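Everything below concerns the one structure shown next.
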Amino acid sequence: MSSRLASTLASITPAHAANPRLPIGNEAARLPLRTTTKQLDLSCVPQLVNCRAAETPDAPALSAGPETITYAELNSRANQLAHYLISRGVDKGNSESLVALCIDRSFAGVVCALAVLKAGAAYLPLDPAYPLERLSFMLNDAQPQVLITSTKLAAQIPAGNWQVIAFDRLTDIECAIAGLADLPTNPPNIQITPQQLAYVIYTSGSTGRPKGVEITHANLMNLVTWHQRAFEITRSDRASLLAGVGFDAAVWETWPYLTAGANLHLPDEATRLAPELLRDWLVAEQITVSFLPTALAEHVMRLEWPEQTALRTLLVGAERLRQFPSDELPFNVINNYGPTECTVVATSGIVPREAFSNSLPTIGRPIKNTDVYILDENMQQVPVHAAGEIYIGGAGVARGYLKRPDLTAEKFVRNPFSRDRDARLYRTGDLARYLANGEIAYLGRIDEQIKIRGHRIEPNEIVAVLDRHPAIAASRVIAHGDTCSDQHLVAYVVAASETQPSAADLRSFLENELPNYMVPPVFVHLESFPLTRNGKVDRAALPAPNPENTLRDNEFTTPRTPLEERLAVMLSSLLALEQVSVHDNFFMLGGHSLLGTQLISQIRGIFGVELALRTLFESPTIEQLSLEIERLLMAQVDAMSEEEVLRILG
């Protein structure tokens, strides 16, 4: 094991075997574990960037292709803009001014965010790609003092009680702001306190109404200092900035590196979400540390990499990681977990190079100054290996939700395990279990549970089994259908090679471990999962099953019994098809609940048996339906003559 890897492991994982029933920190697991701001480095981001600019003024701070700005340029431009914002009434005061930044991922976005912090205000990142209705809602909800955006968006966003600064490129700022070049290049004389807001970022709520999460400088600095120590970040590092502006991962990709004097690189839009192009860019730019959203990282991890690559650490997160890195990858993979409400990262751990039987990678252990509890519905700690809800405490827990005291009180609750009466826990709504070695196995969202025809189903449980199939690289499972009675499971799969698995093979594989009601009747093949701008799987963009994208059996199987022949004729007529294989899925061929009702009516008239609509969802093939009809007929055989049975069976 290399010294760097050993150091990284020691930074992330406690050296002792902690009791998983207790909150785990980087030191001894014991109750109560108190985290106070006195334990933290209370320097703030603006102060640290000032220091880096003084130490290495000519070192590159931001790079994008041939363009680069140095630390001296970054600092002086941010200082001038900070002075200008203060002249417009933006300062810390008692109101904690908010400055909204609706700017593409760019040099300008970083300079503006740093300038806001230097002015003693908090920045509010807004992705320009959001629909105007969503942007308008967040602006009206937050009521920032200033909005910095492009000239195009400034003309489209409805006016509000905020000042607007509009420009399109970093070089246009001086043109947009008269007299900016004449303002001081030294830092403003602003005192920033640890409990002051650093940024507010909106995250979607279960009700569909976005909510602003308030992150303080103390929260942010705990993330920054942990990250730098855990991954040995120095001024010689070259890191990537890929996350969309409104994604809290951009916070993590920016400040730990600029406060360390490292070089931050920004790929273009065509590169950042294309796995092959991104790999080539990471190699060409000699990136040493990079964060990728899980879905994108899984693609990148399956690619071939040159032995001579500078990348030593690939950080992944945002979704459940479903694969282990191969031995051929020339870098370590670190899996991370954390809600926006806990300052991006709450747990972290190195993913081993070999897959453990019947398991997925864990989310590691809590980071420094962080407590993770797994509790039942009564907020009691559950035993090792038992499932419960994740509650997070410690230095990363946000102040709360902007202007939402009711929701803050509901989600940020008093920590009953701490002697500090002000200590709080954030209820994540995520399910997990502690393992015997102190690591945490993530199980999915509580609200992801699906109920289909009376059965409660955890989609991730199906995915965990399906991803172990050697022909499957990745999968997702959702409920498909317009109504509750019409819903059925659909599995979306990405093949591990050019050879596609058959539906029969996948179905048989799942049936070995799962009950029948958990086996999806439909398998849709995709070349890759559609991704959002933030690199997460875009579930809304998953295509509906159709005959072109749905996996079928390897061979067409003709009816083998008179009963199967009669069912095949019925389905062919009902679905307007020339022929139907006995293994073809009714829903894969275009069937739905209305046609299903008609099919059941025909079966009742011809065979004299009563099938429930749910039977068709559970037995959607001719082979399965014929067995169900035979079972029902056998139950009635005593009341029927032999001639009647033969007539019905054909």
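Residues are named by chain letter and number: chains run A, B, ... in the order of the structure tokens, numbers start at 1 in each chain, and ligands are numbered from 1 in the order shown.
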
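Summary of the local environment: counting only C-alpha atoms, residues at most 6 Å from region 106-117 of chain A, other than itself and those fewer than 4 positions away along its chain, are A:Ala78, A:Leu81, A:Ala82, A:Ala121, A:Leu170.
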
Could you give me, as a VMD selection string, the residues within 12 Å of Leu514 (chain A), counting only C-alpha atoms and dropping anything in the same chain fewer than 3 positions from it?
chain A and resid 457 to 459 461 to 466 506 to 511 517 to 520

Region 329-375 of chain A: which residues are strand (DSSP E) by DSSP, as a list in words?
Asn332, Val333, Ile334, Asn335, Asn336, Tyr337, Thr347, Ser348, Gly349, Ile350, Arg365, Pro366, Thr370, Asp371, Val372, Tyr373, Ile374 and Leu375 of chain A

Fewer than 3 positions away in the same chain doesn't count, so skip those; otherwise give me all residues within 10 Å of Gly608 (chain A), counting only C-alpha atoms, as a ChimeraX atom specification.
/A:601-605,611,629,632-633,636,648

Contacts of Asn50 (chain A) within 12 Å, only C-alpha atoms, excl. fewer than 2 positions in-chain, as a PyMOL selection string
chain A and resi 43-48+52-57+71-79+114-115+118+185-188+258-261

Proximity to Leu594 (chain A) - best of A:Glu628, A:Leu616, A:Ala154, A:Phe607, only C-alpha atoms
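Looking only at the distances to Leu594 (chain A), the closest residue turns out to be A:Leu616.
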
Tell me, which residues of region 217-429 of chain A carry DSSP helix (DSSP H, G or I), written as a ChimeraX atom specification?
/A:217-230,249-258,269-272,275-284,294-301,340-342,405-411

For the residues in the current selection, export C-alpha atoms as a CSV table (one decimal), in the first residue's frame.
chain,number,residue,atom,x,y,z
A,217,HIS,CA,-19.0,29.7,7.3
A,218,ALA,CA,-18.4,27.2,10.2
A,219,ASN,CA,-20.3,24.6,8.2
A,220,LEU,CA,-18.3,25.3,5.1
A,221,MET,CA,-14.9,25.4,6.8
A,222,ASN,CA,-15.5,22.0,8.4
A,223,LEU,CA,-16.0,20.6,4.9
A,224,VAL,CA,-12.9,22.4,3.6
A,225,THR,CA,-10.5,21.4,6.3
A,226,TRP,CA,-11.6,17.8,6.4
A,227,HIS,CA,-11.3,17.5,2.6
A,228,GLN,CA,-7.8,19.0,2.5
A,229,ARG,CA,-6.6,16.7,5.3
A,230,ALA,CA,-8.3,13.5,4.1
A,249,ALA,CA,-21.3,19.6,-5.2
A,250,ALA,CA,-19.9,22.7,-6.9
A,251,VAL,CA,-19.2,24.0,-3.4
A,252,TRP,CA,-17.1,21.0,-2.7
A,253,GLU,CA,-15.3,21.2,-6.0
A,254,THR,CA,-14.4,24.8,-5.5
A,255,TRP,CA,-13.4,26.0,-2.0
A,256,PRO,CA,-11.2,23.1,-0.7
A,257,TYR,CA,-8.9,23.7,-3.7
A,258,LEU,CA,-8.8,27.5,-4.0
A,269,GLU,CA,-20.2,21.6,-21.7
A,270,ALA,CA,-19.6,19.0,-24.4
A,271,THR,CA,-17.0,17.2,-22.3
A,272,ARG,CA,-18.3,17.3,-18.8
A,275,PRO,CA,-17.7,9.6,-20.3
A,276,GLU,CA,-15.1,9.1,-23.1
A,277,LEU,CA,-14.5,12.8,-23.7
A,278,LEU,CA,-14.3,13.4,-19.9
A,279,ARG,CA,-11.7,10.6,-19.4
A,280,ASP,CA,-9.6,12.0,-22.2
A,281,TRP,CA,-9.9,15.5,-20.7
A,282,LEU,CA,-8.9,14.3,-17.2
A,283,VAL,CA,-5.9,12.6,-18.6
A,284,ALA,CA,-4.8,15.5,-20.9
A,294,THR,CA,-22.3,8.5,-9.3
A,295,ALA,CA,-24.1,7.7,-12.5
A,296,LEU,CA,-21.4,9.4,-14.6
A,297,ALA,CA,-18.6,7.9,-12.5
A,298,GLU,CA,-20.0,4.4,-13.1
A,299,HIS,CA,-19.6,5.0,-16.8
A,300,VAL,CA,-16.1,6.4,-16.4
A,301,MET,CA,-15.0,3.5,-14.1
A,340,THR,CA,-27.4,19.4,1.1
A,341,GLU,CA,-28.6,20.1,4.7
A,342,CYS,CA,-25.3,18.7,6.0
A,405,PRO,CA,-39.2,27.8,10.6
A,406,ASP,CA,-42.0,25.2,10.5
A,407,LEU,CA,-40.0,22.9,8.1
A,408,THR,CA,-36.8,23.6,10.0
A,409,ALA,CA,-38.4,22.5,13.3
A,410,GLU,CA,-39.7,19.3,11.6
A,411,LYS,CA,-36.4,18.3,9.9

Distance query Trp305 (chain A) at most 8 Å, only C-alpha atoms, self and fewer than 5 positions along chain excluded, as a list in words:
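What passes the distance filter is Arg279, Glu328, Leu329 and Pro330 of chain A.
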
Restricting it to C-alpha atoms, dump the selection as a PDB file, in the first residue's frame.
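Below is the file that was written, again_37.pdb:
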ATOM      1  CA  ARG A 279     -11.745  10.597 -19.419  1.00  0.00           C
ATOM      2  CA  GLU A 328      -6.954  -1.985 -13.691  1.00  0.00           C
ATOM      3  CA  LEU A 329      -8.063   1.503 -12.627  1.00  0.00           C
ATOM      4  CA  PRO A 330      -4.988   3.641 -11.856  1.00  0.00           C
TER       5      PRO A 330
END

As JSON, numbers by chain, please: the residues near region 345-355 of chain A (cut-off 6 Å, only C-alpha atoms, same-chain neighbours under 3 positions excluded).
{"A": [324, 325, 326, 327, 333, 334, 335, 336, 337, 338, 363, 364, 365, 366, 367]}

Output the selection as a PDB file, in the first residue's frame - N, CA and C atoms for each residue.
ATOM      1  N   PHE A 324     -18.063  -1.907  -7.995  1.00  0.00           N
ATOM      2  CA  PHE A 324     -16.739  -1.795  -7.404  1.00  0.00           C
ATOM      3  C   PHE A 324     -15.731  -1.486  -8.510  1.00  0.00           C
ATOM      4  N   PRO A 325     -14.666  -0.759  -8.199  1.00  0.00           N
ATOM      5  CA  PRO A 325     -13.651  -0.479  -9.224  1.00  0.00           C
ATOM      6  C   PRO A 325     -12.856  -1.730  -9.567  1.00  0.00           C
ATOM      7  N   SER A 326     -12.412  -1.787 -10.811  1.00  0.00           N
ATOM      8  CA  SER A 326     -11.587  -2.923 -11.230  1.00  0.00           C
ATOM      9  C   SER A 326     -10.140  -2.706 -10.788  1.00  0.00           C
ATOM     10  N   ASP A 327      -9.387  -3.779 -10.811  1.00  0.00           N
ATOM     11  CA  ASP A 327      -7.976  -3.697 -10.431  1.00  0.00           C
ATOM     12  C   ASP A 327      -7.172  -2.864 -11.423  1.00  0.00           C
ATOM     13  N   VAL A 333     -11.041   5.049  -5.746  1.00  0.00           N
ATOM     14  CA  VAL A 333     -12.421   5.536  -5.805  1.00  0.00           C
ATOM     15  C   VAL A 333     -12.920   5.719  -4.374  1.00  0.00           C
ATOM     16  N   ILE A 334     -13.425   6.920  -4.083  1.00  0.00           N
ATOM     17  CA  ILE A 334     -13.934   7.232  -2.747  1.00  0.00           C
ATOM     18  C   ILE A 334     -15.423   7.501  -2.856  1.00  0.00           C
ATOM     19  N   ASN A 335     -16.226   6.714  -2.163  1.00  0.00           N
ATOM     20  CA  ASN A 335     -17.676   6.917  -2.179  1.00  0.00           C
ATOM     21  C   ASN A 335     -18.074   7.868  -1.051  1.00  0.00           C
ATOM     22  N   ASN A 336     -18.943   8.817  -1.359  1.00  0.00           N
ATOM     23  CA  ASN A 336     -19.323   9.849  -0.398  1.00  0.00           C
ATOM     24  C   ASN A 336     -20.840   9.975  -0.330  1.00  0.00           C
ATOM     25  N   TYR A 337     -21.318  10.369   0.839  1.00  0.00           N
ATOM     26  CA  TYR A 337     -22.755  10.544   1.045  1.00  0.00           C
ATOM     27  C   TYR A 337     -22.983  11.782   1.890  1.00  0.00           C
ATOM     28  N   GLY A 338     -24.011  12.525   1.556  1.00  0.00           N
ATOM     29  CA  GLY A 338     -24.369  13.660   2.391  1.00  0.00           C
ATOM     30  C   GLY A 338     -25.478  14.484   1.761  1.00  0.00           C
ATOM     31  N   ILE A 363     -21.152   3.477   2.140  1.00  0.00           N
ATOM     32  CA  ILE A 363     -20.904   4.920   2.068  1.00  0.00           C
ATOM     33  C   ILE A 363     -19.841   5.334   3.086  1.00  0.00           C
ATOM     34  N   GLY A 364     -19.092   4.355   3.579  1.00  0.00           N
ATOM     35  CA  GLY A 364     -17.962   4.641   4.459  1.00  0.00           C
ATOM     36  C   GLY A 364     -18.378   4.979   5.877  1.00  0.00           C
ATOM     37  N   ARG A 365     -17.660   5.938   6.465  1.00  0.00           N
ATOM     38  CA  ARG A 365     -17.877   6.333   7.852  1.00  0.00           C
ATOM     39  C   ARG A 365     -18.048   7.845   7.928  1.00  0.00           C
ATOM     40  N   PRO A 366     -18.547   8.349   9.040  1.00  0.00           N
ATOM     41  CA  PRO A 366     -18.711   9.802   9.174  1.00  0.00           C
ATOM     42  C   PRO A 366     -17.385  10.544   9.049  1.00  0.00           C
ATOM     43  N   ILE A 367     -17.428  11.725   8.442  1.00  0.00           N
ATOM     44  CA  ILE A 367     -16.229  12.544   8.324  1.00  0.00           C
ATOM     45  C   ILE A 367     -15.976  13.247   9.659  1.00  0.00           C
TER      46      ILE A 367
END

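In this comparison, which uses only C-alpha atoms, the residue of A:Pro416, A:Asn516, A:Asp467, A:Gly394 approaching Gln381 (chain A) most closely is A:Pro416.
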
For Glu133 (chain A), please output as JSON, numbers by chain all residues within 12 Å (counting only C-alpha atoms; exclusion window: fewer than 2 positions along the same chain).
{"A": [128, 129, 130, 131, 135, 136, 137, 138, 139, 140, 156, 157, 158, 209, 210]}

Could the residues in this selection be saved with all heavy atoms as a CSV table (one decimal), in the first residue's frame?
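Once written, again17.csv looks like this:
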chain,number,residue,atom,x,y,z
A,128,PRO,N,-28.7,28.8,-14.6
A,128,PRO,CA,-29.4,29.5,-15.7
A,128,PRO,C,-30.3,28.6,-16.5
A,128,PRO,O,-31.2,29.0,-17.2
A,128,PRO,CB,-28.3,30.1,-16.5
A,128,PRO,CG,-27.1,30.2,-15.6
A,128,PRO,CD,-27.3,29.0,-14.7
A,129,ALA,N,-30.0,27.2,-16.4
A,129,ALA,CA,-30.8,26.3,-17.2
A,129,ALA,C,-32.1,26.0,-16.6
A,129,ALA,O,-33.0,25.3,-17.2
A,129,ALA,CB,-30.0,25.0,-17.4
A,130,TYR,N,-32.4,26.4,-15.3
A,130,TYR,CA,-33.6,26.2,-14.7
A,130,TYR,C,-34.8,26.9,-15.5
A,130,TYR,O,-34.5,27.9,-16.1
A,130,TYR,CB,-33.7,26.7,-13.3
A,130,TYR,CG,-32.9,25.9,-12.3
A,130,TYR,CD1,-32.5,26.5,-11.1
A,130,TYR,CD2,-32.6,24.6,-12.5
A,130,TYR,CE1,-31.7,25.8,-10.1
A,130,TYR,CE2,-31.8,23.9,-11.5
A,130,TYR,CZ,-31.4,24.5,-10.4
A,130,TYR,OH,-30.7,23.8,-9.4
A,131,PRO,N,-36.0,26.3,-15.5
A,131,PRO,CA,-37.1,27.1,-16.1
A,131,PRO,C,-37.3,28.4,-15.4
A,131,PRO,O,-37.0,28.6,-14.2
A,131,PRO,CB,-38.3,26.1,-15.8
A,131,PRO,CG,-37.7,24.8,-15.6
A,131,PRO,CD,-36.4,25.0,-14.9
A,135,LEU,N,-36.8,29.8,-11.5
A,135,LEU,CA,-35.9,30.9,-11.1
A,135,LEU,C,-36.7,32.0,-10.4
A,135,LEU,O,-36.3,32.5,-9.4
A,135,LEU,CB,-35.2,31.4,-12.3
A,135,LEU,CG,-34.2,30.5,-13.0
A,135,LEU,CD1,-33.6,31.1,-14.2
A,135,LEU,CD2,-33.0,30.2,-12.0
A,136,SER,N,-37.9,32.3,-11.0
A,136,SER,CA,-38.7,33.4,-10.4
A,136,SER,C,-39.1,33.0,-9.0
A,136,SER,O,-39.1,33.9,-8.1
A,136,SER,CB,-39.9,33.7,-11.3
A,136,SER,OG,-39.5,34.1,-12.5
A,137,PHE,N,-39.5,31.8,-8.8
A,137,PHE,CA,-40.0,31.3,-7.5
A,137,PHE,C,-38.8,31.5,-6.4
A,137,PHE,O,-39.0,32.0,-5.3
A,137,PHE,CB,-40.4,29.9,-7.5
A,137,PHE,CG,-40.7,29.3,-6.1
A,137,PHE,CD1,-41.9,29.5,-5.4
A,137,PHE,CD2,-39.7,28.7,-5.4
A,137,PHE,CE1,-42.1,29.1,-4.2
A,137,PHE,CE2,-39.9,28.2,-4.1
A,137,PHE,CZ,-41.1,28.4,-3.5
A,138,MET,N,-37.7,31.0,-6.8
A,138,MET,CA,-36.5,31.1,-5.8
A,138,MET,C,-36.1,32.5,-5.5
A,138,MET,O,-35.8,32.8,-4.4
A,138,MET,CB,-35.4,30.2,-6.4
A,138,MET,CG,-35.7,28.7,-6.4
A,138,MET,SD,-34.3,27.7,-6.8
A,138,MET,CE,-34.1,28.0,-8.5
A,139,LEU,N,-36.1,33.4,-6.5
A,139,LEU,CA,-35.8,34.8,-6.3
A,139,LEU,C,-36.8,35.4,-5.4
A,139,LEU,O,-36.4,36.2,-4.5
A,139,LEU,CB,-35.7,35.5,-7.6
A,139,LEU,CG,-34.4,35.2,-8.5
A,139,LEU,CD1,-34.5,35.7,-9.9
A,139,LEU,CD2,-33.2,35.8,-7.8
A,140,ASN,N,-38.1,35.2,-5.7
A,140,ASN,CA,-39.1,35.8,-4.9
A,140,ASN,C,-39.1,35.3,-3.5
A,140,ASN,O,-39.5,36.0,-2.5
A,140,ASN,CB,-40.5,35.7,-5.5
A,140,ASN,CG,-40.7,36.7,-6.7
A,140,ASN,OD1,-40.8,37.9,-6.5
A,140,ASN,ND2,-40.7,36.2,-7.9
A,156,GLN,N,-35.3,38.5,-19.2
A,156,GLN,CA,-36.3,37.5,-19.2
A,156,GLN,C,-36.9,37.3,-17.8
A,156,GLN,O,-38.1,37.0,-17.7
A,156,GLN,CB,-35.8,36.1,-19.7
A,156,GLN,CG,-35.4,36.1,-21.2
A,156,GLN,CD,-34.9,34.8,-21.6
A,156,GLN,OE1,-34.4,34.0,-20.8
A,156,GLN,NE2,-34.9,34.5,-22.9
A,157,ILE,N,-36.1,37.4,-16.8
A,157,ILE,CA,-36.6,37.2,-15.4
A,157,ILE,C,-37.4,38.3,-15.0
A,157,ILE,O,-37.0,39.5,-15.1
A,157,ILE,CB,-35.4,37.0,-14.4
A,157,ILE,CG1,-34.6,35.7,-14.8
A,157,ILE,CG2,-35.9,36.9,-13.0
A,157,ILE,CD1,-33.4,35.5,-14.0
A,158,PRO,N,-38.6,38.1,-14.5
A,158,PRO,CA,-39.5,39.2,-14.0
A,158,PRO,C,-38.8,40.0,-12.9
A,158,PRO,O,-38.0,39.5,-12.1
A,158,PRO,CB,-40.7,38.5,-13.4
A,158,PRO,CG,-40.7,37.1,-14.1
A,158,PRO,CD,-39.3,36.8,-14.3
A,209,ARG,N,-42.1,22.0,-3.7
A,209,ARG,CA,-41.7,23.4,-3.5
A,209,ARG,C,-40.3,23.4,-3.1
A,209,ARG,O,-39.9,22.9,-2.1
A,209,ARG,CB,-42.6,24.0,-2.4
A,209,ARG,CG,-42.2,25.4,-2.0
A,209,ARG,CD,-43.0,25.9,-0.8
A,209,ARG,NE,-42.5,27.2,-0.3
A,209,ARG,CZ,-43.0,27.8,0.8
A,209,ARG,NH1,-43.9,27.2,1.5
A,209,ARG,NH2,-42.5,28.9,1.1
A,210,PRO,N,-39.4,24.1,-3.9
A,210,PRO,CA,-38.0,24.2,-3.5
A,210,PRO,C,-37.8,24.9,-2.2
A,210,PRO,O,-38.6,25.8,-1.8
A,210,PRO,CB,-37.4,25.0,-4.6
A,210,PRO,CG,-38.3,24.9,-5.8
A,210,PRO,CD,-39.7,24.8,-5.1

With only C-alpha atoms as the atoms that count, which of A:His265, A:Lys403, A:Arg322, A:His525 lies nearest to Glu548 (chain A)?
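The shortest atom-to-atom distance to Glu548 (chain A) comes from A:His525.
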